Amino acid sequence: MIQTFKRHWQLFLFTFLYVSIDAIVRATSQIMEYAERGTPLPVWQPFVWEFSSTFIVLIIVPLILMFDERYPISSKSWPKRIAIHIPLSFLFSAVHISAMIALRKLIYFLAGEYYDYGEINYAILYEYRKDIMTYCSILLVIYAYREILRLRNGEAQIEENDEERIMVSKAGQFKFVEPSSVDWVEAAGNYVELHVGKETYMLRATMKDIESRLGNKDFARVHRSTIVKRALIESIKPLSIGDKKIHLQGGVDVRVSRRFHENLKLVG
């Protein structure tokens, strides 16, 4: 999850700013509403209510992104993928509600107060109505973010010929790059991101497709979402959980999952 955060920090920053502003607006609105009723609230309480919810959502967002990168909706099997997200939204809501209430109880306890949400069945119904909208909004933000990346970074496609050169376009200009010039590849939903030097291009393909085109002589798939050029591997460091971390020339760190350890034996 840490690697996912590092790769998509801009997405998480935008999400953080959006939900934080939304939480501030909601909290201040509640303060004004209660004041108008003649039952003013301690100023800190509405902020605890809103930001406890926001904090839990922000923790869950990377997990949703990781899941969608592996099972993107924009694929040939999109009806099944949408169906998968339905039970996932229930799980999202259950985790959100339970963690949010626990966090509120903790903060109230530290403040010398007691927090009581009320009837739990009502809480589930009330919160899920909002959570399903939040879940859909997160997915919309993720797909909008990918589209912005595609437009900003440029798009690539592989020529259908024996040479299989990669045609890339950016800012209305087209050029060709050889597959051997690719440094590393990472999954991005229904796209893969081709990192070529300092440039990044979005290619509509699966990791399986690009892996078969690049081959395993010069490239190694080290994770379900990552392929690296062997010649760029500077060091391999074991991690405590059985995985490994690769440091590439240029300062990029990628994780090697246990499933793909065997692919590294061909290095050198």
# chains A, B, ... in the order shown; residues from 1 in each chain; ligands from 1
>>> select_by_dssp(residues="stretch 35-246 of chain A", states="alpha helix (DSSP H)", output="ChimeraX atom specification")
/A:35-37,44-70,78-110,120-153,207-214
>>> write_last_selection(atoms="C-alpha atoms", output="JSON list (two decimals), in the first residue's frame")
[["chain", "number", "residue", "atom", "x", "y", "z"],
["A", 35, "ALA", "CA", -27.09, 27.53, 16.90],
["A", 36, "GLU", "CA", -30.23, 28.51, 14.96],
["A", 37, "ARG", "CA", -32.21, 25.86, 16.89],
["A", 44, "TRP", "CA", -14.98, 20.76, 18.54],
["A", 45, "GLN", "CA", -17.72, 18.11, 18.36],
["A", 46, "PRO", "CA", -18.92, 18.59, 14.74],
["A", 47, "PHE", "CA", -15.29, 18.62, 13.61],
["A", 48, "VAL", "CA", -14.72, 15.31, 15.39],
["A", 49, "TRP", "CA", -17.82, 13.85, 13.73],
["A", 50, "GLU", "CA", -16.82, 14.89, 10.24],
["A", 51, "PHE", "CA", -13.06, 14.41, 10.36],
["A", 52, "SER", "CA", -13.31, 10.98, 12.02],
["A", 53, "SER", "CA", -15.30, 9.89, 8.96],
["A", 54, "THR", "CA", -12.89, 11.64, 6.59],
["A", 55, "PHE", "CA", -9.83, 10.08, 8.22],
["A", 56, "ILE", "CA", -11.17, 6.53, 7.86],
["A", 57, "VAL", "CA", -12.16, 7.13, 4.22],
["A", 58, "LEU", "CA", -8.65, 8.37, 3.41],
["A", 59, "ILE", "CA", -7.16, 5.19, 4.89],
["A", 60, "ILE", "CA", -9.44, 3.01, 2.74],
["A", 61, "VAL", "CA", -8.89, 4.90, -0.56],
["A", 62, "PRO", "CA", -5.50, 3.21, -1.34],
["A", 63, "LEU", "CA", -7.13, -0.21, -0.90],
["A", 64, "ILE", "CA", -9.89, 0.68, -3.37],
["A", 65, "LEU", "CA", -7.26, 1.93, -5.84],
["A", 66, "MET", "CA", -5.21, -1.27, -5.48],
["A", 67, "PHE", "CA", -8.31, -3.40, -6.06],
["A", 68, "ASP", "CA", -9.40, -1.40, -9.10],
["A", 69, "GLU", "CA", -5.91, -1.56, -10.61],
["A", 70, "ARG", "CA", -6.20, -5.32, -10.54],
["A", 78, "TRP", "CA", -16.97, -4.63, -17.04],
["A", 79, "PRO", "CA", -20.44, -5.96, -16.00],
["A", 80, "LYS", "CA", -18.77, -8.56, -13.77],
["A", 81, "ARG", "CA", -16.35, -5.97, -12.45],
["A", 82, "ILE", "CA", -19.22, -3.67, -11.49],
["A", 83, "ALA", "CA", -20.94, -6.59, -9.77],
["A", 84, "ILE", "CA", -17.78, -7.18, -7.72],
["A", 85, "HIS", "CA", -17.87, -3.59, -6.48],
["A", 86, "ILE", "CA", -21.36, -4.01, -5.03],
["A", 87, "PRO", "CA", -20.36, -6.33, -2.14],
["A", 88, "LEU", "CA", -17.12, -4.36, -1.86],
["A", 89, "SER", "CA", -19.15, -1.23, -1.16],
["A", 90, "PHE", "CA", -20.88, -3.07, 1.71],
["A", 91, "LEU", "CA", -17.47, -3.99, 3.11],
["A", 92, "PHE", "CA", -16.30, -0.40, 2.68],
["A", 93, "SER", "CA", -19.32, 0.87, 4.59],
["A", 94, "ALA", "CA", -18.96, -1.71, 7.38],
["A", 95, "VAL", "CA", -15.30, -0.84, 7.94],
["A", 96, "HIS", "CA", -16.02, 2.88, 7.69],
["A", 97, "ILE", "CA", -18.89, 2.82, 10.19],
["A", 98, "SER", "CA", -17.21, 0.62, 12.80],
["A", 99, "ALA", "CA", -13.84, 2.41, 12.63],
["A", 100, "MET", "CA", -15.46, 5.85, 12.59],
["A", 101, "ILE", "CA", -17.55, 5.14, 15.70],
["A", 102, "ALA", "CA", -14.55, 3.61, 17.49],
["A", 103, "LEU", "CA", -12.44, 6.68, 16.70],
["A", 104, "ARG", "CA", -15.14, 9.04, 17.92],
["A", 105, "LYS", "CA", -15.52, 7.09, 21.18],
["A", 106, "LEU", "CA", -11.76, 7.28, 21.71],
["A", 107, "ILE", "CA", -11.59, 11.05, 21.12],
["A", 108, "TYR", "CA", -14.59, 11.68, 23.38],
["A", 109, "PHE", "CA", -13.04, 9.50, 26.08],
["A", 110, "LEU", "CA", -9.78, 11.46, 25.90],
["A", 120, "ILE", "CA", -26.93, 0.80, 15.36],
["A", 121, "ASN", "CA", -29.48, -0.44, 12.81],
["A", 122, "TYR", "CA", -30.39, 3.15, 12.02],
["A", 123, "ALA", "CA", -26.67, 3.98, 11.82],
["A", 124, "ILE", "CA", -26.06, 1.26, 9.25],
["A", 125, "LEU", "CA", -28.96, 2.40, 7.06],
["A", 126, "TYR", "CA", -28.18, 6.10, 7.46],
["A", 127, "GLU", "CA", -24.45, 5.78, 6.85],
["A", 128, "TYR", "CA", -24.65, 3.29, 3.96],
["A", 129, "ARG", "CA", -26.76, 5.74, 1.96],
["A", 130, "LYS", "CA", -23.87, 8.19, 2.20],
["A", 131, "ASP", "CA", -21.15, 5.56, 1.90],
["A", 132, "ILE", "CA", -22.38, 4.21, -1.43],
["A", 133, "MET", "CA", -22.20, 7.75, -2.84],
["A", 134, "THR", "CA", -18.74, 8.23, -1.33],
["A", 135, "TYR", "CA", -17.59, 4.91, -2.80],
["A", 136, "CYS", "CA", -18.84, 5.83, -6.28],
["A", 137, "SER", "CA", -17.26, 9.28, -5.96],
["A", 138, "ILE", "CA", -13.90, 7.69, -5.12],
["A", 139, "LEU", "CA", -14.09, 5.50, -8.23],
["A", 140, "LEU", "CA", -15.02, 8.51, -10.38],
["A", 141, "VAL", "CA", -12.05, 10.45, -9.02],
["A", 142, "ILE", "CA", -9.72, 7.50, -9.72],
["A", 143, "TYR", "CA", -10.85, 7.18, -13.33],
["A", 144, "ALA", "CA", -10.79, 10.94, -13.87],
["A", 145, "TYR", "CA", -7.25, 10.99, -12.46],
["A", 146, "ARG", "CA", -6.16, 8.29, -14.91],
["A", 147, "GLU", "CA", -7.70, 10.16, -17.82],
["A", 148, "ILE", "CA", -5.88, 13.33, -16.79],
["A", 149, "LEU", "CA", -2.62, 11.37, -16.63],
["A", 150, "ARG", "CA", -3.25, 9.97, -20.09],
["A", 151, "LEU", "CA", -3.85, 13.43, -21.55],
["A", 152, "ARG", "CA", -0.90, 14.99, -19.73],
["A", 153, "ASN", "CA", 1.67, 12.23, -20.18],
["A", 207, "MET", "CA", 0.20, -6.49, -17.92],
["A", 208, "LYS", "CA", -0.01, -9.91, -19.53],
["A", 209, "ASP", "CA", -0.06, -8.34, -23.01],
["A", 210, "ILE", "CA", 2.92, -6.09, -22.42],
["A", 211, "GLU", "CA", 4.83, -8.86, -20.63],
["A", 212, "SER", "CA", 4.51, -11.17, -23.64],
["A", 213, "ARG", "CA", 5.59, -8.39, -26.02],
["A", 214, "LEU", "CA", 8.63, -7.35, -24.00]]
>>> residues_around(residues="stretch 184-198 of chain A", least_positions_apart="2", cutoff="7 Å", atoms="only C-alpha atoms", output="list in words")
Asp68, Glu69, Arg70, Pro72, Ser74, Ser75, Ser181, Val182, Thr200, Tyr201, Met202, Leu203, Arg204, Ala205, Thr206, Met207, Ser225, Thr226, Ile227, Val228 and Lys229 of chain A
>>> write_last_selection(atoms="N, CA and C atoms", output="PDB file, in the first residue's frame")
ATOM      1  N   ASP A  68      -8.961  -1.789  -7.758  1.00  0.00           N
ATOM      2  CA  ASP A  68      -9.399  -1.401  -9.098  1.00  0.00           C
ATOM      3  C   ASP A  68      -8.273  -1.514 -10.118  1.00  0.00           C
ATOM      4  N   GLU A  69      -7.022  -1.362  -9.686  1.00  0.00           N
ATOM      5  CA  GLU A  69      -5.910  -1.555 -10.613  1.00  0.00           C
ATOM      6  C   GLU A  69      -5.842  -3.008 -11.082  1.00  0.00           C
ATOM      7  N   ARG A  70      -6.226  -3.901 -10.187  1.00  0.00           N
ATOM      8  CA  ARG A  70      -6.196  -5.323 -10.545  1.00  0.00           C
ATOM      9  C   ARG A  70      -7.452  -5.750 -11.293  1.00  0.00           C
ATOM     10  N   PRO A  72     -10.002  -3.586 -13.107  1.00  0.00           N
ATOM     11  CA  PRO A  72     -10.589  -2.334 -13.585  1.00  0.00           C
ATOM     12  C   PRO A  72     -11.957  -2.549 -14.216  1.00  0.00           C
ATOM     13  N   SER A  74     -13.241  -0.633 -16.597  1.00  0.00           N
ATOM     14  CA  SER A  74     -13.178  -0.362 -18.038  1.00  0.00           C
ATOM     15  C   SER A  74     -12.426  -1.472 -18.765  1.00  0.00           C
ATOM     16  N   SER A  75     -13.015  -2.638 -18.804  1.00  0.00           N
ATOM     17  CA  SER A  75     -12.445  -3.779 -19.509  1.00  0.00           C
ATOM     18  C   SER A  75     -13.577  -4.545 -20.167  1.00  0.00           C
ATOM     19  N   SER A 181      13.745   0.426 -25.201  1.00  0.00           N
ATOM     20  CA  SER A 181      14.011   1.705 -24.541  1.00  0.00           C
ATOM     21  C   SER A 181      13.141   1.895 -23.302  1.00  0.00           C
ATOM     22  N   VAL A 182      12.184   0.988 -23.094  1.00  0.00           N
ATOM     23  CA  VAL A 182      11.326   1.065 -21.907  1.00  0.00           C
ATOM     24  C   VAL A 182      12.148   0.712 -20.671  1.00  0.00           C
ATOM     25  N   THR A 200       6.590   9.379 -19.406  1.00  0.00           N
ATOM     26  CA  THR A 200       5.657   8.309 -19.065  1.00  0.00           C
ATOM     27  C   THR A 200       4.519   8.335 -20.076  1.00  0.00           C
ATOM     28  N   TYR A 201       4.202   7.167 -20.642  1.00  0.00           N
ATOM     29  CA  TYR A 201       3.151   7.076 -21.643  1.00  0.00           C
ATOM     30  C   TYR A 201       2.132   6.015 -21.214  1.00  0.00           C
ATOM     31  N   MET A 202       0.863   6.302 -21.466  1.00  0.00           N
ATOM     32  CA  MET A 202      -0.218   5.381 -21.133  1.00  0.00           C
ATOM     33  C   MET A 202      -0.518   4.494 -22.329  1.00  0.00           C
ATOM     34  N   LEU A 203      -0.492   3.196 -22.121  1.00  0.00           N
ATOM     35  CA  LEU A 203      -0.764   2.228 -23.178  1.00  0.00           C
ATOM     36  C   LEU A 203      -1.972   1.401 -22.778  1.00  0.00           C
ATOM     37  N   ARG A 204      -2.989   1.374 -23.629  1.00  0.00           N
ATOM     38  CA  ARG A 204      -4.180   0.571 -23.314  1.00  0.00           C
ATOM     39  C   ARG A 204      -3.855  -0.897 -23.552  1.00  0.00           C
ATOM     40  N   ALA A 205      -3.540  -1.607 -22.509  1.00  0.00           N
ATOM     41  CA  ALA A 205      -3.157  -3.018 -22.586  1.00  0.00           C
ATOM     42  C   ALA A 205      -3.178  -3.587 -21.177  1.00  0.00           C
ATOM     43  N   THR A 206      -3.063  -4.891 -21.077  1.00  0.00           N
ATOM     44  CA  THR A 206      -2.950  -5.542 -19.777  1.00  0.00           C
ATOM     45  C   THR A 206      -1.485  -5.843 -19.501  1.00  0.00           C
ATOM     46  N   MET A 207      -1.170  -6.136 -18.267  1.00  0.00           N
ATOM     47  CA  MET A 207       0.202  -6.494 -17.920  1.00  0.00           C
ATOM     48  C   MET A 207       0.620  -7.775 -18.638  1.00  0.00           C
ATOM     49  N   SER A 225       1.776  -5.924 -10.787  1.00  0.00           N
ATOM     50  CA  SER A 225       1.566  -4.618 -11.406  1.00  0.00           C
ATOM     51  C   SER A 225       2.859  -3.957 -11.864  1.00  0.00           C
ATOM     52  N   THR A 226       3.990  -4.702 -11.904  1.00  0.00           N
ATOM     53  CA  THR A 226       5.267  -4.074 -12.237  1.00  0.00           C
ATOM     54  C   THR A 226       6.161  -4.987 -13.074  1.00  0.00           C
ATOM     55  N   ILE A 227       6.755  -4.412 -14.131  1.00  0.00           N
ATOM     56  CA  ILE A 227       7.778  -5.063 -14.951  1.00  0.00           C
ATOM     57  C   ILE A 227       8.980  -4.123 -15.007  1.00  0.00           C
ATOM     58  N   VAL A 228      10.193  -4.668 -14.853  1.00  0.00           N
ATOM     59  CA  VAL A 228      11.383  -3.818 -14.861  1.00  0.00           C
ATOM     60  C   VAL A 228      12.394  -4.342 -15.880  1.00  0.00           C
ATOM     61  N   LYS A 229      13.227  -3.429 -16.383  1.00  0.00           N
ATOM     62  CA  LYS A 229      14.330  -3.829 -17.258  1.00  0.00           C
ATOM     63  C   LYS A 229      15.453  -4.376 -16.382  1.00  0.00           C
TER      64      LYS A 229
END
>>> residues_around(residues="stretch 177-180 of chain A", least_positions_apart="4", cutoff="8 Å", atoms="only C-alpha atoms", output="NGL selection string")
:A and (164-168 or 214 or 218)
>>> write_last_selection(atoms="N, CA and C atoms", output="PDB file, in the first residue's frame")
ATOM      1  N   GLU A 164       7.099  -4.238 -34.095  1.00  0.00           N
ATOM      2  CA  GLU A 164       6.378  -3.917 -32.869  1.00  0.00           C
ATOM      3  C   GLU A 164       6.963  -2.697 -32.175  1.00  0.00           C
ATOM      4  N   ARG A 165       7.295  -1.681 -32.936  1.00  0.00           N
ATOM      5  CA  ARG A 165       7.710  -0.427 -32.317  1.00  0.00           C
ATOM      6  C   ARG A 165       6.514   0.189 -31.593  1.00  0.00           C
ATOM      7  N   ILE A 166       6.815   1.050 -30.651  1.00  0.00           N
ATOM      8  CA  ILE A 166       5.768   1.701 -29.876  1.00  0.00           C
ATOM      9  C   ILE A 166       5.615   3.128 -30.361  1.00  0.00           C
ATOM     10  N   MET A 167       4.431   3.459 -30.842  1.00  0.00           N
ATOM     11  CA  MET A 167       4.154   4.823 -31.283  1.00  0.00           C
ATOM     12  C   MET A 167       3.563   5.586 -30.106  1.00  0.00           C
ATOM     13  N   VAL A 168       4.167   6.709 -29.772  1.00  0.00           N
ATOM     14  CA  VAL A 168       3.685   7.514 -28.656  1.00  0.00           C
ATOM     15  C   VAL A 168       3.278   8.891 -29.168  1.00  0.00           C
ATOM     16  N   LEU A 214       7.276  -7.715 -24.402  1.00  0.00           N
ATOM     17  CA  LEU A 214       8.631  -7.353 -24.002  1.00  0.00           C
ATOM     18  C   LEU A 214       9.530  -8.579 -23.830  1.00  0.00           C
ATOM     19  N   ASP A 218      15.162  -9.485 -21.493  1.00  0.00           N
ATOM     20  CA  ASP A 218      15.627  -8.165 -21.062  1.00  0.00           C
ATOM     21  C   ASP A 218      14.765  -7.568 -19.958  1.00  0.00           C
TER      22      ASP A 218
END
>>> atom_distance(atom1="atom CA of A:Gln249", atom2="atom CA of A:Ile236")
12.0 Å
>>> select_by_dssp(residues="stretch 12-261 of chain A", states="strand (DSSP E)", output="number ranges by chain")
A: 155-158, 166-170, 173-177, 184-188, 191-196, 199-203, 219-223, 226-229, 233-238, 244-248, 253-256
>>> closest_residue(among="A:Thr15, A:Gly250, A:His223, A:Glu119", to="A:Asp183", atoms="only C-alpha atoms")
A:Gly250
>>> atom_distance(atom1="atom CA of A:Phe12", atom2="atom CA of A:Ser257")
23.8 Å
>>> atom_distance(atom1="atom CA of A:His247", atom2="atom CA of A:Leu232")
8.5 Å
>>> closest_residue(among="A:Glu199, A:Phe219, A:Pro42, A:Ala111", to="A:Ala27", atoms="only C-alpha atoms")
A:Pro42
